[in-house]
$ cat upload.pdb   # PDB, C-alpha atoms
ATOM      1  CA  THR K   1       0.000   0.000   0.000
ATOM      2  CA  GLY K   2       0.964   3.553  -0.362
ATOM      3  CA  PRO K   3      -0.705   6.417   1.378
ATOM      4  CA  HIS K   4      -3.843   6.956  -0.678
ATOM      5  CA  SER K   5      -3.359  10.729  -0.574
ATOM      6  CA  ILE K   6       0.100  10.426  -2.171
ATOM      7  CA  ASN K   7      -0.116   7.759  -4.835
ATOM      8  CA  GLY K   8      -3.755   6.683  -4.809
ATOM      9  CA  VAL K   9      -3.076   3.081  -3.790
ATOM     10  CA  PRO K  10      -5.698   1.856  -1.324
ATOM     11  CA  LEU K  11      -5.100  -0.527   1.547
ATOM     12  CA  ARG K  12      -4.990  -3.840  -0.298
ATOM     13  CA  ARG K  13      -2.790  -6.739  -1.195
ATOM     14  CA  VAL K  14      -0.610  -6.274  -4.238
ATOM     15  CA  ASN K  15       0.805  -9.121  -6.284
ATOM     16  CA  GLN K  16       4.608  -9.237  -6.036
ATOM     17  CA  ALA K  17       4.832  -9.246  -9.823
ATOM     18  CA  TYR K  18       3.644  -5.618  -9.793
ATOM     19  CA  VAL K  19       6.107  -4.439  -7.141
ATOM     20  CA  ILE K  20       9.606  -3.192  -7.853
ATOM     21  CA  ALA K  21      12.119  -3.600  -5.054
ATOM     22  CA  THR K  22      14.156  -0.532  -4.187
ATOM     23  CA  SER K  23      16.965   0.247  -1.780
ATOM     24  CA  THR K  24      14.861   2.993  -0.161
ATOM     25  CA  LYS K  25      14.048   2.170   3.443
ATOM     26  CA  ILE K  26      11.824   3.886   5.988
ATOM     27  CA  ASP K  27      11.370   3.107   9.662
ATOM     28  CA  VAL K  28       7.834   1.804  10.109
ATOM     29  CA  SER K  29       8.384   0.484  13.632
ATOM     30  CA  SER K  30       6.262   3.357  14.984
ATOM     31  CA  VAL K  31       3.285   2.361  12.802
ATOM     32  CA  LYS K  32       0.734   0.515  14.923
ATOM     33  CA  LEU K  33      -1.699  -1.604  12.928
ATOM     34  CA  SER K  34      -5.108  -2.687  14.070
ATOM     35  CA  ASP K  35      -5.878  -6.348  14.713
ATOM     36  CA  SER K  36      -8.653  -6.057  12.115
ATOM     37  CA  ILE K  37      -6.033  -6.112   9.335
ATOM     38  CA  ASN K  38      -5.962  -9.810   8.533
ATOM     39  CA  ASP K  39      -6.786 -12.215   5.710
ATOM     40  CA  ASP K  40     -10.527 -11.664   6.142
ATOM     41  CA  LEU K  41     -10.149  -7.955   5.407
ATOM     42  CA  PHE K  42      -8.625  -8.648   1.997
ATOM     43  CA  ALA K  43     -10.994 -11.478   1.028
ATOM     44  CA  ARG K  44     -13.452 -10.758  -1.756
ATOM     45  CA  PRO K  45     -17.063 -10.435  -0.651
ATOM     46  CA  LYS K  46     -19.181 -13.442  -1.507
ATOM     47  CA  ASN K  47     -22.024 -12.495  -3.822
ATOM     48  CA  SER K  48     -25.120 -14.578  -4.209
ATOM     49  CA  LYS K  49     -25.171 -15.777  -7.788
ATOM     50  CA  LYS K  50     -28.500 -16.209  -9.470
ATOM     51  CA  THR K  51     -28.512 -18.926 -12.049
ATOM     52  CA  SER K  52     -31.268 -19.193 -14.537
ATOM     53  CA  SER K  53     -31.803 -21.808 -17.181
ATOM     54  CA  THR K  54     -33.781 -19.457 -19.394
ATOM     55  CA  SER K  55     -32.195 -17.259 -21.991
ATOM     56  CA  GLU K  56     -33.969 -14.263 -20.488
ATOM     57  CA  GLY K  57     -31.929 -14.664 -17.318
ATOM     58  CA  PHE K  58     -28.732 -14.941 -19.330
ATOM     59  CA  PHE K  59     -29.367 -11.993 -21.634
ATOM     60  CA  GLY K  60     -31.325  -9.959 -19.096
ATOM     61  CA  ASP K  61     -30.447  -6.565 -17.743
ATOM     62  CA  GLY K  62     -27.484  -8.051 -15.935
ATOM     63  CA  GLU K  63     -27.476  -5.516 -13.155
ATOM     64  CA  LYS K  64     -24.307  -5.902 -11.168
ATOM     65  CA  ALA K  65     -24.140  -4.912  -7.553
ATOM     66  CA  GLU K  66     -21.461  -2.277  -7.125
ATOM     67  CA  ASN K  67     -18.801  -2.974  -4.539
ATOM     68  CA  LYS K  68     -18.952  -0.069  -2.136
ATOM     69  CA  VAL K  69     -16.141   0.638   0.285
ATOM     70  CA  SER K  70     -17.419   0.330   3.836
ATOM     71  CA  ASP K  71     -17.056   3.140   6.356
ATOM     72  CA  GLU K  72     -14.993   0.820   8.549
ATOM     73  CA  ARG K  73     -12.486   0.267   5.744
ATOM     74  CA  LYS K  74     -12.327   4.015   4.996
ATOM     75  CA  ALA K  75     -11.553   4.724   8.656
ATOM     76  CA  LEU K  76      -8.885   2.020   8.650
ATOM     77  CA  GLN K  77      -7.347   3.532   5.503
ATOM     78  CA  LYS K  78      -7.177   6.978   7.136
ATOM     79  CA  GLU K  79      -5.644   5.527  10.300
ATOM     80  CA  VAL K  80      -2.883   3.672   8.429
ATOM     81  CA  ASP K  81      -2.246   6.600   6.057
ATOM     82  CA  SER K  82      -1.829   9.110   8.863
ATOM     83  CA  GLN K  83       0.784   6.903  10.527
ATOM     84  CA  LEU K  84       2.625   6.231   7.259
ATOM     85  CA  LEU K  85       2.662   9.934   6.345
ATOM     86  CA  GLY K  86       4.502  10.620   9.585
ATOM     87  CA  ALA K  87       7.200   8.103   8.696
ATOM     88  CA  ILE K  88       7.403   9.269   5.076
ATOM     89  CA  GLY K  89       7.701  12.916   6.101
ATOM     90  CA  LYS K  90      10.977  12.191   7.870
ATOM     91  CA  GLU K  91      12.730  11.236   4.620
ATOM     92  CA  GLN K  92      13.695  13.958   2.156
ATOM     93  CA  TYR K  93      12.106  13.628  -1.314
ATOM     94  CA  LEU K  94      10.312  10.368  -0.433
ATOM     95  CA  LYS K  95       6.868  11.893  -0.861
ATOM     96  CA  GLN K  96       7.743  13.103  -4.374
ATOM     97  CA  TYR K  97       9.330   9.723  -5.127
ATOM     98  CA  LEU K  98       6.157   7.853  -4.204
ATOM     99  CA  LYS K  99       4.006  10.310  -6.117
ATOM    100  CA  ALA K 100       6.027  10.031  -9.352
ATOM    101  CA  ARG K 101       4.747   7.853 -12.164
ATOM    102  CA  PHE K 102       7.055   5.017 -13.070
ATOM    103  CA  SER K 103       7.474   3.593 -16.549
ATOM    104  CA  LEU K 104      10.075   1.702 -18.483
ATOM    105  CA  HIS K 105      11.179   2.528 -21.998
ATOM    106  CA  LYS K 106      12.582   0.318 -24.716
ATOM    107  CA  GLY K 107      15.807  -1.294 -23.605
ATOM    108  CA  GLU K 108      15.327  -0.500 -19.899
ATOM    109  CA  TYR K 109      15.029  -3.455 -17.566
ATOM    110  CA  PRO K 110      14.019  -3.109 -13.919
ATOM    111  CA  HIS K 111      16.672  -5.558 -12.720
ATOM    112  CA  ASN K 112      19.389  -3.312 -14.220
ATOM    113  CA  LEU K 113      18.144  -0.124 -12.546
ATOM    114  CA  LYS K 114      19.296   1.170  -9.171
ATOM    115  CA  PHE K 115      16.698   3.028  -7.124
TER     116      PHE K 115
END
$ encode --input "upload.pdb" --output "structure tokens"
Amino acid sequence: TGPHSINGVPLRRVNQAYVIATSTKIDVSSVKLSDSINDDLFARPKNSKKTSSTSEGFFGDGEKAENKVSDERKALQKEVDSQLLGAIGKEQYLKQYLKARFSLHKGEYPHNLKF
């Protein structure tokens, strides 16, 4: 995760394939996380699926229920972000570093770069 106010990444699990390791380190020992941050928090909500054998059910309106972010999760996001912003503020240029958009160009390989 990154503080949502800096880079727009919400509190969620991220596949390691989408993460680039850097040599930048921050002290997060002062960040106190709630016990509610566990596997159940990151699990997808189970939706009741309606199955219909008629073609009307298959080609129907197909209204999908929108996944709304709960107030509890928003409060948890703010709590974690406020603590992370304190740790990030201690390092010079780290806020701008996290806010910058990253992209590779032709011939650039992430394993050859030094961050």
$ residues_around --input "upload.pdb" --residues "range 72-82 of chain K" --least-positions-apart "4" --cutoff "10 Å" --atoms "only C-alpha atoms" --output "list of chain:residue names"
K:Thr1, K:Gly2, K:Pro3, K:His4, K:Ser5, K:Ile6, K:Pro10, K:Leu11, K:Arg12, K:Val31, K:Lys32, K:Leu33, K:Ser34, K:Ser36, K:Ile37, K:Leu41, K:Gly86, K:Ala87, K:Ile88
$ atom_distance --input "upload.pdb" --atom1 "CA of Phe115 in chain K" --atom2 "CA of Thr24 in chain K"
7.2 Å
$ atom_distance --input "upload.pdb" --atom1 "CA of Ser29 in chain K" --atom2 "CA of Arg44 in chain K"
29.0 Å
$ resolve_selection --input "upload.pdb" --expression "the PyMOL selection byres ((chain K and resi 97) around 12)" --output "list in words"
Gly2, Ile6, Asn7, Thr22, Thr24, Ile88, Gly89, Glu91, Gln92, Tyr93, Leu94, Lys95, Gln96, Leu98, Lys99, Ala100, Arg101, Phe102 and Phe115 of chain K
